[in-house]
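Undergrad: I'm passing along coords.tsv; it holds TSV, C-alpha atoms.
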chain	number	residue	atom	x	y	z
A	1	GLY	CA	78.02	180.23	-74.29
A	2	ASP	CA	78.57	176.97	-76.12
A	3	SER	CA	81.42	176.81	-78.62
A	4	VAL	CA	83.41	174.40	-80.78
A	5	THR	CA	87.11	174.72	-81.54
A	6	GLN	CA	88.80	172.65	-84.21
A	7	MET	CA	92.30	172.56	-85.56
A	8	GLU	CA	93.26	175.07	-88.19
A	9	GLY	CA	93.83	173.90	-91.71
A	10	PRO	CA	94.65	173.24	-94.31
A	11	VAL	CA	95.82	169.72	-93.56
A	12	THR	CA	97.68	168.01	-96.40
A	13	LEU	CA	98.44	164.28	-96.27
A	14	SER	CA	99.57	161.58	-98.64
A	15	GLU	CA	97.19	158.80	-99.60
A	16	GLU	CA	97.03	155.98	-97.02
A	17	ALA	CA	98.28	158.24	-94.21
A	18	PHE	CA	96.63	158.32	-90.79
A	19	LEU	CA	94.33	161.26	-90.16
A	20	THR	CA	93.47	163.09	-86.97
A	21	ILE	CA	91.48	166.32	-86.88
A	22	ASN	CA	91.19	167.70	-83.36
A	23	CYS	CA	87.94	169.09	-81.99
A	24	THR	CA	87.19	170.36	-78.49
A	25	TYR	CA	84.00	171.89	-77.19
A	26	THR	CA	82.64	174.06	-74.40
A	27	ALA	CA	79.06	173.40	-73.40
A	28	THR	CA	76.73	173.08	-70.45
A	29	GLY	CA	75.11	169.73	-69.88
A	30	TYR	CA	75.45	166.85	-72.32
A	31	PRO	CA	75.27	167.91	-75.94
A	32	SER	CA	75.25	165.65	-78.96
A	33	LEU	CA	78.40	165.90	-81.08
A	34	PHE	CA	78.69	165.70	-84.84
A	35	TRP	CA	81.16	165.68	-87.70
A	36	TYR	CA	79.90	167.08	-90.99
A	37	VAL	CA	81.77	166.92	-94.31
A	38	GLN	CA	81.55	169.34	-97.24
A	39	TYR	CA	82.85	168.11	-100.59
A	40	PRO	CA	83.81	170.75	-103.18
A	41	GLY	CA	80.80	172.60	-104.56
A	42	GLU	CA	78.31	170.83	-102.29
A	43	GLY	CA	76.39	171.42	-99.08
A	44	LEU	CA	77.34	169.87	-95.77
A	45	GLN	CA	76.36	166.29	-95.01
A	46	LEU	CA	76.44	164.41	-91.74
A	47	LEU	CA	79.45	162.12	-91.47
A	48	LEU	CA	78.98	160.71	-87.96
A	49	LYS	CA	77.54	161.54	-84.57
A	50	ALA	CA	77.64	160.59	-80.89
A	51	THR	CA	74.93	161.42	-78.41
A	52	LYS	CA	76.48	160.56	-75.03
A	53	ALA	CA	79.81	160.23	-73.28
A	54	ASP	CA	82.05	157.36	-74.47
A	55	ASP	CA	79.90	156.79	-77.57
A	56	LYS	CA	81.87	156.17	-80.73
A	57	GLY	CA	80.47	157.40	-84.01
A	58	SER	CA	81.72	155.80	-87.21
A	59	ASN	CA	81.07	155.98	-90.94
A	60	LYS	CA	83.08	155.44	-94.16
A	61	GLY	CA	86.15	154.43	-92.14
A	62	PHE	CA	86.05	157.58	-90.01
A	63	GLU	CA	85.65	157.39	-86.23
A	64	ALA	CA	85.26	159.81	-83.35
A	65	THR	CA	84.75	159.14	-79.63
A	66	TYR	CA	82.81	161.44	-77.31
A	67	ARG	CA	85.23	162.20	-74.45
A	68	LYS	CA	83.46	164.04	-71.65
A	69	GLU	CA	86.54	164.24	-69.42
A	70	THR	CA	88.58	166.06	-72.08
A	71	THR	CA	85.59	167.70	-73.84
A	72	SER	CA	86.86	166.37	-77.14
A	73	PHE	CA	85.54	164.64	-80.25
A	74	HIS	CA	88.57	164.09	-82.47
A	75	LEU	CA	88.04	162.69	-85.98
A	76	GLU	CA	90.30	159.83	-87.09
A	77	LYS	CA	90.77	157.63	-90.12
A	78	GLY	CA	93.39	154.94	-90.48
A	79	SER	CA	94.10	155.29	-94.21
A	80	VAL	CA	92.90	158.31	-96.14
A	81	GLN	CA	92.05	158.39	-99.83
A	82	VAL	CA	92.11	161.19	-102.40
A	83	SER	CA	88.31	161.10	-102.31
A	84	ASP	CA	88.41	162.20	-98.64
A	85	SER	CA	89.58	165.66	-99.69
A	86	ALA	CA	86.94	168.00	-98.29
A	87	VAL	CA	86.22	170.46	-95.49
A	88	TYR	CA	85.31	168.85	-92.15
A	89	PHE	CA	83.18	170.59	-89.53
A	90	CYS	CA	82.82	169.59	-85.90
A	91	ALA	CA	79.53	170.61	-84.29
A	92	LEU	CA	77.38	170.30	-81.19
A	93	SER	CA	73.69	170.54	-80.38
A	94	HIS	CA	71.51	170.15	-77.32
A	95	SER	CA	68.46	167.89	-77.44
A	96	SER	CA	66.41	170.74	-75.98
A	97	ALA	CA	67.19	172.93	-78.97
A	98	SER	CA	67.58	172.48	-82.69
A	99	LYS	CA	70.26	175.07	-83.33
A	100	ILE	CA	73.62	173.52	-84.07
A	101	ILE	CA	76.93	175.20	-83.28
A	102	PHE	CA	79.64	174.61	-85.86
A	103	GLY	CA	83.39	174.87	-85.60
A	104	SER	CA	85.22	176.90	-88.22
A	105	GLY	CA	86.01	173.90	-90.44
A	106	THR	CA	89.26	172.14	-91.39
A	107	ARG	CA	90.21	171.77	-95.04
A	108	LEU	CA	91.79	168.39	-95.82
A	109	SER	CA	93.74	167.71	-99.02
A	110	ILE	CA	95.02	164.25	-99.88
A	111	ARG	CA	97.90	163.84	-102.35
A	112	PRO	CA	97.91	160.74	-104.59
B	1	ASN	CA	62.63	162.10	-101.50
B	2	ALA	CA	64.18	165.22	-102.96
B	3	GLY	CA	65.53	166.26	-99.54
B	4	VAL	CA	66.35	169.97	-99.32
B	5	THR	CA	66.22	171.88	-102.58
B	6	GLN	CA	67.42	175.41	-103.26
B	7	THR	CA	66.92	177.70	-106.22
B	8	PRO	CA	68.62	179.32	-107.98
B	9	LYS	CA	72.07	177.68	-107.95
B	10	PHE	CA	73.78	180.87	-109.09
B	11	GLN	CA	72.69	184.50	-109.07
B	12	VAL	CA	74.32	187.82	-109.91
B	13	LEU	CA	72.71	191.01	-108.59
B	14	LYS	CA	73.48	194.68	-108.77
B	15	THR	CA	73.76	196.71	-105.59
B	16	GLY	CA	70.32	197.74	-104.38
B	17	GLN	CA	68.37	194.98	-106.14
B	18	SER	CA	66.17	192.64	-104.15
B	19	MET	CA	65.63	188.96	-104.63
B	20	THR	CA	64.34	185.83	-102.92
B	21	LEU	CA	66.29	182.63	-102.45
B	22	GLN	CA	63.99	179.64	-102.37
B	23	CYS	CA	64.30	176.65	-100.05
B	24	ALA	CA	62.01	173.66	-99.80
B	25	GLN	CA	62.14	170.32	-97.99
B	26	ASP	CA	59.95	167.24	-98.28
B	27	MET	CA	60.90	165.49	-95.04
B	28	ASN	CA	58.28	167.17	-92.84
B	29	HIS	CA	61.02	168.75	-90.73
B	30	GLU	CA	59.90	171.34	-88.22
B	31	TYR	CA	63.23	173.18	-88.03
B	32	MET	CA	64.64	175.11	-90.99
B	33	SER	CA	67.54	177.53	-91.15
B	34	TRP	CA	69.61	179.70	-93.45
B	35	TYR	CA	73.40	180.03	-93.30
B	36	ARG	CA	75.95	181.98	-95.25
B	37	GLN	CA	79.44	180.72	-95.95
B	38	ASP	CA	82.11	183.19	-96.98
B	39	PRO	CA	85.39	182.08	-98.61
B	40	GLY	CA	87.67	180.39	-96.12
B	41	MET	CA	85.15	180.80	-93.35
B	42	GLY	CA	82.72	178.66	-91.52
B	43	LEU	CA	78.96	178.89	-91.45
B	44	ARG	CA	77.07	181.79	-89.95
B	45	LEU	CA	73.39	181.47	-89.04
B	46	ILE	CA	71.16	184.12	-90.61
B	47	HIS	CA	67.60	183.16	-89.59
B	48	TYR	CA	65.83	180.04	-88.42
B	49	SER	CA	62.34	178.69	-87.88
B	50	VAL	CA	60.96	176.03	-85.53
B	51	GLY	CA	57.66	175.68	-87.37
B	52	ALA	CA	55.18	177.34	-89.69
B	53	GLY	CA	54.53	180.92	-88.63
B	54	ILE	CA	57.55	181.09	-86.31
B	55	THR	CA	60.87	182.66	-87.26
B	56	ASP	CA	63.80	184.05	-85.31
B	57	GLN	CA	67.08	185.81	-85.92
B	58	GLY	CA	70.44	184.11	-85.96
B	59	GLU	CA	73.92	185.54	-85.78
B	60	VAL	CA	73.85	187.79	-88.89
B	61	PRO	CA	70.22	188.74	-89.70
B	62	ASN	CA	70.69	192.32	-90.93
B	63	GLY	CA	69.69	192.82	-94.55
B	64	TYR	CA	67.65	189.61	-94.74
B	65	ASN	CA	64.01	188.70	-94.15
B	66	VAL	CA	62.37	185.30	-93.87
B	67	SER	CA	58.88	183.90	-93.62
B	68	ARG	CA	57.52	180.41	-92.96
B	69	SER	CA	53.96	180.06	-94.18
B	70	THR	CA	54.19	176.28	-94.69
B	71	THR	CA	56.24	173.47	-93.16
B	72	GLU	CA	57.92	172.81	-96.51
B	73	ASP	CA	59.11	176.25	-97.60
B	74	PHE	CA	61.46	178.77	-96.04
B	75	PRO	CA	62.41	181.58	-98.47
B	76	LEU	CA	65.14	184.09	-97.72
B	77	ARG	CA	64.65	187.60	-99.02
B	78	LEU	CA	67.44	190.10	-99.61
B	79	LEU	CA	65.89	193.53	-99.24
B	80	SER	CA	68.53	195.71	-100.93
B	81	ALA	CA	71.58	193.72	-102.01
B	82	ALA	CA	75.04	194.92	-101.01
B	83	PRO	CA	78.49	193.63	-102.08
B	84	SER	CA	79.00	192.41	-98.50
B	85	GLN	CA	76.23	189.88	-99.13
B	86	THR	CA	78.29	188.11	-101.78
B	87	SER	CA	78.46	184.60	-100.39
B	88	VAL	CA	77.24	181.03	-100.69
B	89	TYR	CA	73.89	180.52	-98.98
B	90	PHE	CA	72.81	177.19	-97.54
B	91	CYS	CA	69.41	176.14	-96.34
B	92	ALA	CA	69.12	173.28	-93.84
B	93	SER	CA	66.34	171.40	-92.08
B	94	SER	CA	65.93	168.90	-89.26
B	95	TYR	CA	63.46	167.41	-86.84
B	96	LEU	CA	63.20	169.48	-83.66
B	97	GLY	CA	65.72	168.57	-80.99
B	98	THR	CA	67.92	166.27	-83.08
B	99	GLY	CA	70.67	168.61	-84.26
B	100	GLU	CA	71.08	166.36	-87.30
B	101	GLN	CA	70.62	168.83	-90.12
B	102	PHE	CA	70.13	168.12	-93.83
B	103	PHE	CA	71.63	170.72	-96.13
B	104	GLY	CA	70.66	171.92	-99.56
B	105	PRO	CA	73.24	172.27	-102.37
B	106	GLY	CA	73.62	176.01	-101.88
B	107	THR	CA	73.06	179.22	-103.85
B	108	ARG	CA	76.15	181.14	-104.96
B	109	LEU	CA	75.29	184.84	-104.90
B	110	THR	CA	77.43	187.64	-106.30
B	111	VAL	CA	76.50	191.28	-105.71
B	112	LEU	CA	78.24	193.78	-107.97
Can the structure in the file be given as structure tokens, please?
TA:
Amino acid sequence: GDSVTQMEGPVTLSEEAFLTINCTYTATGYPSLFWYVQYPGEGLQLLLKATKADDKGSNKGFEATYRKETTSFHLEKGSVQVSDSAVYFCALSHSSASKIIFGSGTRLSIRP
Amino acid sequence: NAGVTQTPKFQVLKTGQSMTLQCAQDMNHEYMSWYRQDPGMGLRLIHYSVGAGITDQGEVPNGYNVSRSTTEDFPLRLLSAAPSQTSVYFCASSYLGTGEQFFGPGTRLTVL
């Protein structure tokens, strides 16, 4: 069945460091890929998405590119801020279904 | 737009008690779902619905019931609470086939 694997956390970085959170997926066909973010004490919210191969999703300085050949959707940001501290979830969904499959989440902490 | 609302925000139950967690959305989304999130873990799907009158089981349905009498509301009922049901519960909704889910703020449930 479909699945999402993302790097284990926690990830701790200093402010202004470069961020990469790895995400790979296993799926039939051509799913849509997502990154969700969960700030402390809140529900998840969509950060960015890509719906086809080679698409780049971007939002709030974060980017991720849908790589069909490596089945990956790694999250990157050039310069992180303390306010980026949160849990990040990679996810996939097929257009023929509404269920979304989440990875296990990666906790990110940014030191001032 | 209120988005997805959940009540209550916090609840403490004794083992064996029953209760209903409320979820409502005002976006006319067909798809609604319930997840639980345990400490340090990802999301697990409990039940979902693709429209009024239609519900189905997710990954961890035992001990929970749902109903969907209207498009807007999707309550989750705990039949006989157990300590293993201590968790944070999230409700989410989306249009069918998009995978782009909107989450409520969560209900933190403790079962003693």
Undergrad: Per residue of stretch 39-96 of chain B within 12 Å of stretch 7-23 of chain B, what are the shortest atom pair and its distance in Å to one decimal, counting only C-alpha atoms, with rows by chain and residue number, as JSON lines?
TA:
{"residue": "B:Gly63", "atom": "CA", "partner": "B:Ser18", "partner_atom": "CA", "distance": 10.2}
{"residue": "B:Tyr64", "atom": "CA", "partner": "B:Thr20", "partner_atom": "CA", "distance": 9.6}
{"residue": "B:Asn65", "atom": "CA", "partner": "B:Thr20", "partner_atom": "CA", "distance": 9.2}
{"residue": "B:Val66", "atom": "CA", "partner": "B:Thr20", "partner_atom": "CA", "distance": 9.3}
{"residue": "B:Ser67", "atom": "CA", "partner": "B:Thr20", "partner_atom": "CA", "distance": 11.0}
{"residue": "B:Arg68", "atom": "CA", "partner": "B:Cys23", "partner_atom": "CA", "distance": 10.5}
{"residue": "B:Thr70", "atom": "CA", "partner": "B:Cys23", "partner_atom": "CA", "distance": 11.4}
{"residue": "B:Thr71", "atom": "CA", "partner": "B:Cys23", "partner_atom": "CA", "distance": 11.1}
{"residue": "B:Glu72", "atom": "CA", "partner": "B:Cys23", "partner_atom": "CA", "distance": 8.2}
{"residue": "B:Asp73", "atom": "CA", "partner": "B:Cys23", "partner_atom": "CA", "distance": 5.8}
{"residue": "B:Phe74", "atom": "CA", "partner": "B:Cys23", "partner_atom": "CA", "distance": 5.4}
{"residue": "B:Pro75", "atom": "CA", "partner": "B:Gln22", "partner_atom": "CA", "distance": 4.6}
{"residue": "B:Leu76", "atom": "CA", "partner": "B:Leu21", "partner_atom": "CA", "distance": 5.1}
{"residue": "B:Arg77", "atom": "CA", "partner": "B:Thr20", "partner_atom": "CA", "distance": 4.3}
{"residue": "B:Leu78", "atom": "CA", "partner": "B:Ser18", "partner_atom": "CA", "distance": 5.4}
{"residue": "B:Leu79", "atom": "CA", "partner": "B:Ser18", "partner_atom": "CA", "distance": 5.0}
{"residue": "B:Ser80", "atom": "CA", "partner": "B:Gly16", "partner_atom": "CA", "distance": 4.4}
{"residue": "B:Ala81", "atom": "CA", "partner": "B:Gly16", "partner_atom": "CA", "distance": 4.8}
{"residue": "B:Ala82", "atom": "CA", "partner": "B:Thr15", "partner_atom": "CA", "distance": 5.1}
{"residue": "B:Pro83", "atom": "CA", "partner": "B:Thr15", "partner_atom": "CA", "distance": 6.6}
{"residue": "B:Ser84", "atom": "CA", "partner": "B:Thr15", "partner_atom": "CA", "distance": 9.8}
{"residue": "B:Gln85", "atom": "CA", "partner": "B:Thr15", "partner_atom": "CA", "distance": 9.7}
{"residue": "B:Thr86", "atom": "CA", "partner": "B:Val12", "partner_atom": "CA", "distance": 9.1}
{"residue": "B:Ser87", "atom": "CA", "partner": "B:Gln11", "partner_atom": "CA", "distance": 10.4}
{"residue": "B:Val88", "atom": "CA", "partner": "B:Phe10", "partner_atom": "CA", "distance": 9.1}
{"residue": "B:Tyr89", "atom": "CA", "partner": "B:Leu21", "partner_atom": "CA", "distance": 8.6}
{"residue": "B:Phe90", "atom": "CA", "partner": "B:Cys23", "partner_atom": "CA", "distance": 8.9}
{"residue": "B:Cys91", "atom": "CA", "partner": "B:Cys23", "partner_atom": "CA", "distance": 6.3}
{"residue": "B:Ala92", "atom": "CA", "partner": "B:Cys23", "partner_atom": "CA", "distance": 8.6}
{"residue": "B:Ser93", "atom": "CA", "partner": "B:Cys23", "partner_atom": "CA", "distance": 9.8}
Undergrad: Report as a PyMOL selection string the set of chain B residues whose atoms approach chain A to within 12 Å, with distances computed over only C-alpha atoms.
TA: chain B and resi 3-6+9-10+29-51+56-59+88-108
Undergrad: Calculate how many Å separate atom CA of A:Lys56 from atom CA of A:His74, rounding to one decimal.
TA: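 These atoms are spaced 10.5 Å apart.
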Undergrad: Between atom CA of A:Gln6 and atom CA of A:Tyr66, what is the spacing in Å?
TA: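 Those two atoms sit 14.5 Å apart.
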Undergrad: Show which residues sit within 7 Å of A:Leu47, as a list in words. Count all atoms listed in the file, and ignore same-chain residues fewer than 6 positions away.
TA: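 With the cut-off at 7 Å, the set is Trp35, Tyr36, Val37 and Asn59 of chain A.
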Undergrad: Mind giving me the straight-line distance from atom CA of B:Asn1 to atom CA of B:Leu109 in Å, one decimal?
TA: 26.2 Å
Undergrad: Pick out the residues sitting within 7 Å of A:Leu13, and hand them over as a list in words; count all atoms listed in the file, and ignore anything fewer than 2 positions along from it in its own chain.
TA: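 Counting only the stated atoms, we get Val11, Glu15, Ala17, Ser109, Ile110 and Arg111 of chain A.
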Undergrad: Around the point (81.8, 160.0, -77.0) in the file's coordinates, collect all residues with an atom within 6 Å, using only C-alpha atoms, and return them as a PyMOL selection string.
TA: chain A and resi 50+52-56+65-67
Undergrad: Since the input lacks atoms, please generate all heavy atoms for stretch 94-105 of chain A and provide them as a short mmCIF file (atom, residue, chain, number, x, y, z; two decimals), keeping the file's coordinate frame.
TA:
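To be explicit, this is the file written out as out.cif:
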data_model
loop_
_atom_site.label_atom_id
_atom_site.label_comp_id
_atom_site.auth_asym_id
_atom_site.auth_seq_id
_atom_site.Cartn_x
_atom_site.Cartn_y
_atom_site.Cartn_z
N HIS A 94 72.21 170.67 -78.49
CA HIS A 94 71.51 170.15 -77.32
C HIS A 94 70.17 169.58 -77.74
O HIS A 94 69.51 170.13 -78.62
CB HIS A 94 71.31 171.26 -76.29
CG HIS A 94 72.57 171.69 -75.62
ND1 HIS A 94 73.16 170.99 -74.60
CD2 HIS A 94 73.37 172.76 -75.84
CE1 HIS A 94 74.25 171.61 -74.20
NE2 HIS A 94 74.42 172.69 -74.95
N SER A 95 69.74 168.52 -77.08
CA SER A 95 68.46 167.89 -77.44
C SER A 95 67.29 168.82 -77.18
O SER A 95 66.23 168.68 -77.77
CB SER A 95 68.27 166.58 -76.67
OG SER A 95 68.29 166.84 -75.29
N SER A 96 67.50 169.80 -76.29
CA SER A 96 66.41 170.74 -75.98
C SER A 96 66.29 171.84 -77.01
O SER A 96 65.38 172.65 -76.95
CB SER A 96 66.67 171.36 -74.60
OG SER A 96 67.91 172.04 -74.62
N ALA A 97 67.21 171.88 -77.94
CA ALA A 97 67.19 172.93 -78.97
C ALA A 97 67.51 172.29 -80.31
O ALA A 97 67.95 171.15 -80.37
CB ALA A 97 68.23 174.00 -78.64
N SER A 98 67.25 173.02 -81.37
CA SER A 98 67.58 172.48 -82.69
C SER A 98 68.77 173.19 -83.32
O SER A 98 69.33 172.69 -84.27
CB SER A 98 66.37 172.59 -83.62
OG SER A 98 65.36 171.70 -83.20
N LYS A 99 69.11 174.36 -82.76
CA LYS A 99 70.26 175.07 -83.33
C LYS A 99 71.50 174.23 -83.13
O LYS A 99 71.70 173.59 -82.09
CB LYS A 99 70.42 176.43 -82.67
CG LYS A 99 69.56 177.50 -83.32
CD LYS A 99 70.06 178.89 -83.02
CE LYS A 99 69.77 179.29 -81.61
NZ LYS A 99 70.18 180.69 -81.36
N ILE A 100 72.37 174.26 -84.12
CA ILE A 100 73.62 173.52 -84.07
C ILE A 100 74.76 174.53 -84.12
O ILE A 100 74.69 175.51 -84.86
CB ILE A 100 73.67 172.49 -85.20
CG1 ILE A 100 74.89 171.59 -85.07
CG2 ILE A 100 73.63 173.15 -86.57
CD1 ILE A 100 74.81 170.35 -85.92
N ILE A 101 75.78 174.29 -83.32
CA ILE A 101 76.93 175.20 -83.28
C ILE A 101 78.09 174.53 -84.00
O ILE A 101 78.51 173.43 -83.61
CB ILE A 101 77.29 175.53 -81.82
CG1 ILE A 101 76.13 176.30 -81.19
CG2 ILE A 101 78.58 176.36 -81.75
CD1 ILE A 101 76.24 176.46 -79.71
N PHE A 102 78.57 175.18 -85.04
CA PHE A 102 79.64 174.61 -85.86
C PHE A 102 81.00 175.19 -85.47
O PHE A 102 81.10 176.36 -85.09
CB PHE A 102 79.40 174.93 -87.34
CG PHE A 102 78.28 174.16 -87.96
CD1 PHE A 102 77.02 174.72 -88.08
CD2 PHE A 102 78.49 172.87 -88.45
CE1 PHE A 102 75.99 174.01 -88.66
CE2 PHE A 102 77.47 172.16 -89.03
CZ PHE A 102 76.21 172.73 -89.13
N GLY A 103 82.03 174.37 -85.61
CA GLY A 103 83.39 174.87 -85.60
C GLY A 103 83.68 175.56 -86.92
O GLY A 103 82.83 175.61 -87.81
N SER A 104 84.88 176.08 -87.05
CA SER A 104 85.22 176.90 -88.22
C SER A 104 85.58 176.07 -89.45
O SER A 104 85.74 176.62 -90.53
CB SER A 104 86.37 177.82 -87.88
OG SER A 104 87.47 177.07 -87.41
N GLY A 105 85.70 174.76 -89.30
CA GLY A 105 86.01 173.90 -90.44
C GLY A 105 87.50 173.69 -90.63
O GLY A 105 88.31 174.58 -90.35
#
